[in-house]
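Working notes, structure below.
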Amino acid sequence: MEKLKLIIVREFLAKVRNKTFIVMTILGPLLMLGMIALMTFITKSSIDKARTISYVNKSELFSSEQFKNTESLKFIDLSHLNIETATVTVKDTDQYGLLYIPNNNVINEVGTKIQFFSNESPSVIFTEKIERRLNKRLGLLKMKELNVDIEKVEASKIRSEIQLQNFEGEETSKFINEIKLVIGTIAGYFIMLFILIYGAMVMRSVIEEKTSRIIEVIVSSVKPFQLMLGKVLGTAGAGILQFIIWGVVLSILYLFLLPALGINTSPQVSQEQLEMAKEIAANSKIELLIQELWQLPIATILISFLLFFIGGFLLYSSLYAAIGAAVDNETDTQQFMMPVIMPLMLGIYVGFAVVINDPHGTLATTFSMIPFTSPIVMMMRIPLGAPLWQIVVSLVLLFLTFLGMIWFAAKIYRVGILMYGKKPSYKELYKWLKY
Amino acid sequence: MNQLLQTENIIKKFGDFTALNEVSISVPEASIFGLLGPNGAGKTTLIRVINQITLPDSGQVLLDGKSLQLDDVQHIGYLPEERGLYKSMKVGEQVLYLAQLKGLSRNEARKRLKYWFDKFDIGDWWGKKVQELSKGMAQKIQFIVTVLHEPKLLIFDEPFSGFDPINANLIKDEILELRDKGATIIFSTHRMESVEELCEHIALIDKANKILDGNLQDIKRQFKTNTFEVGMHTSDSNGLQKELASKFDISKANFKSLEDDLKLNIQIEPNDSAKDLISYLSEKAEINHFVEVIPSASEIFIRAVENNKK
């Protein structure tokens, strides 16, 4: 036990003192934040750019009522000019374009005669916005022409809303499901990322011991199994530390640095979005949403995340350690990487393709039981309410498989670490198991 | 003499390949024991079995008469042939770590390490990273790692490879000093002159089998062929050579002498004595040189392996 502690500490320190590790720990959050800022900047500058256009209205069907300024769209009335003069006037300004409504008072016709002049072709979103304004007005006029009682039409607009309830009679809101899905996805994705980054680190550290030829000295003092376990645990510790630092630094930067720089990452809410949000709020009852968020099995999610995270990492990193022991250098690892990467990718794929549509169906349930995909798939299912017995069975399977895997890995490891200069095949690995 | 280490009928197979076939050796306490054999004979496997790195299929290892336990690693120091250090770790820290793995406390390890650093005059290496050291320097560190926990049994696999003659001598003297202090040393090498110089006992392993073992002097006695190297001065060299050829097995000998003598290796029957040979020869010629041919370790090695082929 004393020796295991020594190994864990050494592995942990070796990782933490490594230059790449230090650089990545510092640079990681900055890179991530830079990405977020860049993305926000790009999105904002392309969608939310305030535009000014001029219009020449010669039709009696429209009035300035229809050309009220909004936050993202400003109108300049040039109706007193004829279209030729207006064109010349607008052309050399930095205005987005010129809207021309010809002198036509037939409701059914005018809509197809309206023109928009601009230097660049306008964005689809922009033309749709304009068309919606015009259509609203024309539709109203048409109803008047047909003697339709507008008040009745308004009154006839019925909105239905299905109330979601489970069989226990608890009300649920629709949006909570999306939030649950996001929580699950983040958890599953995080597990995959951690396995990929730090599993490979375990592998490299095994290879390093082989290439530096220190391995034989070490295994004459400790059992190979102890060394492998110490390596896996020490590396996991370094990884967790890095993630914690990233988390803390990111939140600090997000909360203090970005606002100080004047970068606002919350999307600017336009009039329409605001209306939509109001509608959503009215329909889904915000209080219900919050209430439900609190009713999420937070304890279950956290505990099972921790267990699946640990189980998944141990399972995969013992596999990584075995691969490291089997080869002499990192280039030789390629042929053995497939069996590691494939199930991870499969887990993510199943998560996105199946769990989202049918979280508790046969397929999703099966993959959340198979130990190699369960850490990811089950984590996506748990916030959506996977039954407790399934979680327990899945965890038991995961840890049993881990025990089997570490036995297998230790066999390979034990033989592999003392084999130099050979690039083994799968067949040879099988033989090693019997040594 | 008390046997510190004994292996009893060790068998180890890797798949269809037999690496060790019922190998039994016994290593007397406070002596240097040469473990010899051609490449691939099974020496390293045997050493790994003793170090509990490889588990034997059957047979057992006794240390001080007791079956080897996991905790016994602290009584064994092993310098493998394939040896190295963590490249990016600092020298001092690294030796402390490895010593602690052998069961030393950190403080004790630090104290002893200081002694060795002073002895080798390398105190300023403490904070250096291993990758800054030369190969010979790293070898010195590895030697210190092997002996720092003062084990009763030391195993050196090709300890001199990578050393220049000066440092090889330094290490050789250290090994002898350790033996004088009571340590038992197993020494595996292909350099027969160091076997000759250091080993009191040897075992020879070939193709997974032990084919020879015992006290080196006894083995030499066993392998001697009753051959004598003789230098004679006579006027009729050819006549004498012919006469001797009819009575004994003779061959040309090579050694330096002042006169242009007849130089021969003369083999006599096991029952005949050297005394008789001398009196016989002194009647024929003037004897300038008379030495019994003692087989060298190298010759014994070659002959034993050749015999095993048959």
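In the structure tokens, chains take the letters A, B, ... in the order shown, each chain's residues start at 1, and ligands count up from 1 in the order shown.
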
Show me, as a tab-separated table, the residues of chain B having an atom within 9 Å of chain A, each with the closest atom pair and its distance in Å, using only C-alpha atoms.
```
residue	atom	partner	partner_atom	distance
B:Lys13	CA	A:Tyr435	CA	7.4
B:Phe14	CA	A:Tyr435	CA	5.5
B:Gly15	CA	A:Tyr435	CA	6.4
B:Arg48	CA	A:Ser220	CA	8.0
B:Asn51	CA	A:Ser220	CA	5.6
B:Gln52	CA	A:Ser220	CA	6.8
B:Ile53	CA	A:Ser220	CA	5.9
B:Thr54	CA	A:Arg414	CA	8.4
B:Leu70	CA	A:Val222	CA	8.8
B:Val73	CA	A:Ser221	CA	5.7
B:Gln74	CA	A:Ser221	CA	7.5
B:Ile76	CA	A:Ser220	CA	8.6
B:Gly77	CA	A:Ser220	CA	8.4
B:Tyr78	CA	A:Val217	CA	6.9
B:Leu79	CA	A:Val217	CA	7.1
B:Pro80	CA	A:Glu216	CA	6.8
B:Glu82	CA	A:Arg213	CA	5.9
B:Arg83	CA	A:Arg213	CA	4.9
B:Gly84	CA	A:Ile214	CA	4.4
B:Leu85	CA	A:Ile214	CA	4.9
B:Tyr86	CA	A:Ser212	CA	6.4
B:Lys87	CA	A:Ser212	CA	7.0
B:Ser88	CA	A:Ala14	CA	8.4
B:Met89	CA	A:Ala14	CA	7.8
B:Tyr97	CA	A:Leu6	CA	7.6
B:Leu98	CA	A:Ile218	CA	7.4
B:Gln100	CA	A:Lys3	CA	7.9
B:Leu101	CA	A:Lys3	CA	5.9
B:Lys102	CA	A:Ser221	CA	5.6
B:Gly103	CA	A:Lys3	CA	8.3
B:Thr146	CA	A:Val217	CA	8.6
```

Apply DSSP to the backbone of this structure and, from stretch 370-409 of chain A, keep only the residues in helix (DSSP H, G or I); write these as an MDAnalysis selection string.
chainID A and resid 374:384 388:409

Next, the residues of the selection above should be written as an mmCIF file, in the first residue's frame with N, CA and C atoms.
```
data_model
loop_
_atom_site.group_PDB
_atom_site.id
_atom_site.type_symbol
_atom_site.label_atom_id
_atom_site.label_comp_id
_atom_site.auth_asym_id
_atom_site.auth_seq_id
_atom_site.Cartn_x
_atom_site.Cartn_y
_atom_site.Cartn_z
ATOM 1 N N SER A 374 -21.537 2.131 -21.744
ATOM 2 C CA SER A 374 -22.471 2.546 -20.696
ATOM 3 C C SER A 374 -22.108 3.868 -20.027
ATOM 4 N N PRO A 375 -20.814 4.170 -19.780
ATOM 5 C CA PRO A 375 -20.561 5.446 -19.093
ATOM 6 C C PRO A 375 -21.152 6.624 -19.860
ATOM 7 N N ILE A 376 -21.106 6.571 -21.174
ATOM 8 C CA ILE A 376 -21.608 7.689 -21.971
ATOM 9 C C ILE A 376 -23.126 7.608 -22.136
ATOM 10 N N VAL A 377 -23.612 6.451 -22.600
ATOM 11 C CA VAL A 377 -25.041 6.340 -22.911
ATOM 12 C C VAL A 377 -25.883 6.436 -21.640
ATOM 13 N N MET A 378 -25.459 5.749 -20.580
ATOM 14 C CA MET A 378 -26.261 5.785 -19.358
ATOM 15 C C MET A 378 -26.292 7.191 -18.780
ATOM 16 N N MET A 379 -25.159 7.900 -18.876
ATOM 17 C CA MET A 379 -25.139 9.263 -18.346
ATOM 18 C C MET A 379 -26.124 10.151 -19.082
ATOM 19 N N MET A 380 -26.352 9.858 -20.374
ATOM 20 C CA MET A 380 -27.326 10.660 -21.113
ATOM 21 C C MET A 380 -28.739 10.288 -20.710
ATOM 22 N N ARG A 381 -28.922 9.027 -20.296
ATOM 23 C CA ARG A 381 -30.272 8.574 -19.957
ATOM 24 C C ARG A 381 -30.693 8.983 -18.547
ATOM 25 N N ILE A 382 -29.727 9.058 -17.647
ATOM 26 C CA ILE A 382 -30.082 9.239 -16.234
ATOM 27 C C ILE A 382 -30.919 10.501 -15.980
ATOM 28 N N PRO A 383 -30.536 11.673 -16.523
ATOM 29 C CA PRO A 383 -31.380 12.845 -16.260
ATOM 30 C C PRO A 383 -32.781 12.676 -16.837
ATOM 31 N N LEU A 384 -32.925 11.842 -17.866
ATOM 32 C CA LEU A 384 -34.240 11.625 -18.462
ATOM 33 C C LEU A 384 -35.025 10.574 -17.686
ATOM 34 N N LEU A 388 -33.755 3.096 -11.532
ATOM 35 C CA LEU A 388 -32.608 2.899 -10.652
ATOM 36 C C LEU A 388 -31.998 1.515 -10.826
ATOM 37 N N TRP A 389 -32.846 0.503 -11.007
ATOM 38 C CA TRP A 389 -32.282 -0.850 -11.106
ATOM 39 C C TRP A 389 -31.377 -0.962 -12.323
ATOM 40 N N GLN A 390 -31.725 -0.239 -13.390
ATOM 41 C CA GLN A 390 -30.869 -0.296 -14.584
ATOM 42 C C GLN A 390 -29.528 0.371 -14.317
ATOM 43 N N ILE A 391 -29.566 1.494 -13.608
ATOM 44 C CA ILE A 391 -28.318 2.183 -13.272
ATOM 45 C C ILE A 391 -27.432 1.266 -12.459
ATOM 46 N N VAL A 392 -28.049 0.608 -11.470
ATOM 47 C CA VAL A 392 -27.257 -0.270 -10.594
ATOM 48 C C VAL A 392 -26.682 -1.434 -11.394
ATOM 49 N N VAL A 393 -27.510 -2.066 -12.214
ATOM 50 C CA VAL A 393 -27.024 -3.206 -13.020
ATOM 51 C C VAL A 393 -25.889 -2.751 -13.926
ATOM 52 N N SER A 394 -26.085 -1.606 -14.567
ATOM 53 C CA SER A 394 -25.069 -1.088 -15.476
ATOM 54 C C SER A 394 -23.745 -0.836 -14.745
ATOM 55 N N LEU A 395 -23.846 -0.266 -13.541
ATOM 56 C CA LEU A 395 -22.632 0.014 -12.752
ATOM 57 C C LEU A 395 -21.944 -1.277 -12.340
ATOM 58 N N VAL A 396 -22.748 -2.240 -11.901
ATOM 59 C CA VAL A 396 -22.163 -3.522 -11.489
ATOM 60 C C VAL A 396 -21.438 -4.160 -12.666
ATOM 61 N N LEU A 397 -22.099 -4.149 -13.830
ATOM 62 C CA LEU A 397 -21.470 -4.704 -15.033
ATOM 63 C C LEU A 397 -20.168 -3.968 -15.347
ATOM 64 N N LEU A 398 -20.228 -2.638 -15.246
ATOM 65 C CA LEU A 398 -19.061 -1.822 -15.574
ATOM 66 C C LEU A 398 -17.879 -2.189 -14.685
ATOM 67 N N PHE A 399 -18.139 -2.290 -13.381
ATOM 68 C CA PHE A 399 -17.015 -2.550 -12.482
ATOM 69 C C PHE A 399 -16.540 -3.992 -12.556
ATOM 70 N N LEU A 400 -17.476 -4.918 -12.846
ATOM 71 C CA LEU A 400 -17.044 -6.301 -13.055
ATOM 72 C C LEU A 400 -16.137 -6.386 -14.284
ATOM 73 N N THR A 401 -16.571 -5.710 -15.348
ATOM 74 C CA THR A 401 -15.758 -5.726 -16.570
ATOM 75 C C THR A 401 -14.402 -5.091 -16.312
ATOM 76 N N PHE A 402 -14.418 -4.033 -15.497
ATOM 77 C CA PHE A 402 -13.145 -3.392 -15.158
ATOM 78 C C PHE A 402 -12.208 -4.388 -14.494
ATOM 79 N N LEU A 403 -12.758 -5.183 -13.554
ATOM 80 C CA LEU A 403 -11.904 -6.171 -12.885
ATOM 81 C C LEU A 403 -11.338 -7.165 -13.894
ATOM 82 N N GLY A 404 -12.213 -7.633 -14.794
ATOM 83 C CA GLY A 404 -11.751 -8.564 -15.827
ATOM 84 C C GLY A 404 -10.698 -7.912 -16.710
ATOM 85 N N MET A 405 -10.972 -6.658 -17.060
ATOM 86 C CA MET A 405 -10.071 -5.954 -17.973
ATOM 87 C C MET A 405 -8.716 -5.716 -17.320
ATOM 88 N N ILE A 406 -8.715 -5.393 -16.039
ATOM 89 C CA ILE A 406 -7.439 -5.087 -15.409
ATOM 90 C C ILE A 406 -6.637 -6.386 -15.220
ATOM 91 N N TRP A 407 -7.344 -7.491 -15.065
ATOM 92 C CA TRP A 407 -6.658 -8.793 -15.017
ATOM 93 C C TRP A 407 -5.992 -9.043 -16.366
ATOM 94 N N PHE A 408 -6.777 -8.846 -17.413
ATOM 95 C CA PHE A 408 -6.279 -9.037 -18.776
ATOM 96 C C PHE A 408 -5.118 -8.075 -19.059
ATOM 97 N N ALA A 409 -5.335 -6.809 -18.704
ATOM 98 C CA ALA A 409 -4.309 -5.801 -18.975
ATOM 99 C C ALA A 409 -3.039 -6.098 -18.191
#
```

Which residues, written as a ChimeraX atom specification, have at least one atom at most 12 Å from A:Glu145, with only C-alpha atoms counted and residues fewer than 4 positions away on the same chain left out?
/A:106-108,138-141,149-150

How about saving the chosen residues, C-alpha atoms kept, as a short mmCIF file (atom, residue, chain, number, x, y, z; two decimals), in the first residue's frame?
```cif
data_model
loop_
_atom_site.label_atom_id
_atom_site.label_comp_id
_atom_site.auth_asym_id
_atom_site.auth_seq_id
_atom_site.Cartn_x
_atom_site.Cartn_y
_atom_site.Cartn_z
CA VAL A 106 -54.66 46.45 -56.35
CA ILE A 107 -54.12 44.37 -53.28
CA ASN A 108 -53.48 41.10 -55.12
CA LEU A 138 -51.94 43.36 -47.33
CA GLY A 139 -53.68 40.49 -45.56
CA LEU A 140 -55.48 42.96 -43.31
CA LEU A 141 -56.61 45.03 -46.28
CA ASP A 149 -64.90 40.78 -39.44
CA ILE A 150 -61.36 41.22 -38.23
#
```

Select from stretch 26-117 of chain A everything DSSP, run on the backbone, classes as strand (DSSP E), then give the selection as a ChimeraX atom specification.
/A:51-57,73-77,97-101,115-117

Resulting file, chosen residues, C-alpha atoms, as a short mmCIF file (atom, residue, chain, number, x, y, z; two decimals), in the first residue's frame:
```cif
data_model
loop_
_atom_site.label_atom_id
_atom_site.label_comp_id
_atom_site.auth_asym_id
_atom_site.auth_seq_id
_atom_site.Cartn_x
_atom_site.Cartn_y
_atom_site.Cartn_z
CA ARG A 51 -29.42 48.04 -40.97
CA THR A 52 -30.79 51.18 -42.50
CA ILE A 53 -32.78 51.15 -45.71
CA SER A 54 -34.65 53.81 -47.64
CA TYR A 55 -38.05 53.33 -49.15
CA VAL A 56 -40.06 54.96 -51.89
CA ASN A 57 -43.74 54.28 -51.42
CA LEU A 73 -33.94 47.92 -38.93
CA LYS A 74 -34.20 51.66 -39.60
CA PHE A 75 -36.24 53.23 -42.37
CA ILE A 76 -35.73 56.52 -44.25
CA ASP A 77 -38.74 57.79 -46.13
CA GLY A 97 -30.67 49.20 -49.95
CA LEU A 98 -33.78 50.81 -51.35
CA LEU A 99 -37.32 49.42 -51.19
CA TYR A 100 -39.62 50.50 -53.99
CA ILE A 101 -43.39 50.10 -53.87
CA GLN A 115 -38.69 45.80 -55.70
CA PHE A 116 -35.59 46.01 -53.57
CA PHE A 117 -32.37 47.58 -54.88
#
```

Do you know which residues are at most 8 Å from A:Ser317 counting only C-alpha atoms, after dropping those on the same chain fewer than 6 positions away, and could you put them as a PDB file with N, CA and C atoms, in the first residue's frame?
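Heads up, here's the output in selection04.pdb:
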```
ATOM      1  N   ILE A 195     -11.466  10.362 -20.979  1.00  0.00           N
ATOM      2  CA  ILE A 195     -10.860   9.057 -21.295  1.00  0.00           C
ATOM      3  C   ILE A 195      -9.849   9.219 -22.425  1.00  0.00           C
ATOM      4  N   TYR A 198      -6.660  11.530 -21.070  1.00  0.00           N
ATOM      5  CA  TYR A 198      -5.823  11.015 -19.988  1.00  0.00           C
ATOM      6  C   TYR A 198      -5.528   9.527 -20.128  1.00  0.00           C
ATOM      7  N   GLY A 199      -6.382   8.818 -20.858  1.00  0.00           N
ATOM      8  CA  GLY A 199      -6.044   7.427 -21.169  1.00  0.00           C
ATOM      9  C   GLY A 199      -4.769   7.375 -21.987  1.00  0.00           C
ATOM     10  N   ALA A 200      -4.698   8.247 -22.994  1.00  0.00           N
ATOM     11  CA  ALA A 200      -3.505   8.295 -23.838  1.00  0.00           C
ATOM     12  C   ALA A 200      -2.283   8.677 -23.012  1.00  0.00           C
ATOM     13  N   VAL A 202      -1.759   7.853 -19.872  1.00  0.00           N
ATOM     14  CA  VAL A 202      -1.342   6.625 -19.187  1.00  0.00           C
ATOM     15  C   VAL A 202      -0.484   5.780 -20.140  1.00  0.00           C
ATOM     16  N   MET A 203      -0.969   5.663 -21.362  1.00  0.00           N
ATOM     17  CA  MET A 203      -0.272   4.851 -22.351  1.00  0.00           C
ATOM     18  C   MET A 203       1.132   5.398 -22.612  1.00  0.00           C
ATOM     19  N   VAL A 232      -2.390   4.610 -13.373  1.00  0.00           N
ATOM     20  CA  VAL A 232      -3.753   4.992 -13.757  1.00  0.00           C
ATOM     21  C   VAL A 232      -4.309   6.008 -12.753  1.00  0.00           C
TER      22      VAL A 232
END
```

Quote the spacing between atom CA of A:Ile42 and atom CA of A:Ile130 in Å to one decimal place.
23.5 Å

Name the residues in contact with B:His201 at a cut-off of 6 Å, using only C-alpha atoms, excluding same-chain residues fewer than 2 positions from it; report them as a ChimeraX atom specification.
/B:33,199,214-216

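Between A:Tyr320 and the residues A:Tyr96, A:Phe336, A:Phe305, A:Phe21, the shortest atom-to-atom distance, using only C-alpha atoms, involves A:Phe336.
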
Counting only C-alpha atoms, the option among A:Tyr413, A:Thr70, A:Ile207, A:Leu146 closest to A:Ala50
A:Thr70

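With only C-alpha atoms as the basis for measurement, A:Met342 is the residue among A:Met1, A:Met419, A:Met32, A:Met342 that approaches A:Met192 most closely.
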
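Note that the spacing between atom CA of B:Ala274 and atom CA of B:Glu229 amounts to 11.3 Å.
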
Find the spatial neighbours of B:Ile205, counting only C-alpha atoms, within a cut-off of 9 Å - ignore same-chain residues fewer than 3 positions away - and output them as a PyMOL selection string.
chain B and resi 23+35-38+41-43+208-213+305

Distance query B:Gly239 at most 12 Å, only C-alpha atoms, self and fewer than 6 positions along chain excluded, as a ChimeraX atom specification:
/B:245-246,262,284-285

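You can rank A:Met35, A:Ile83, A:Leu196, A:Val16 by their closest distance to A:Pro343 using only C-alpha atoms, and at the top of that list sits A:Leu196.
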
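What separates atom CA of B:Leu104 from atom CA of B:Pro56 is a distance of 27.7 Å.
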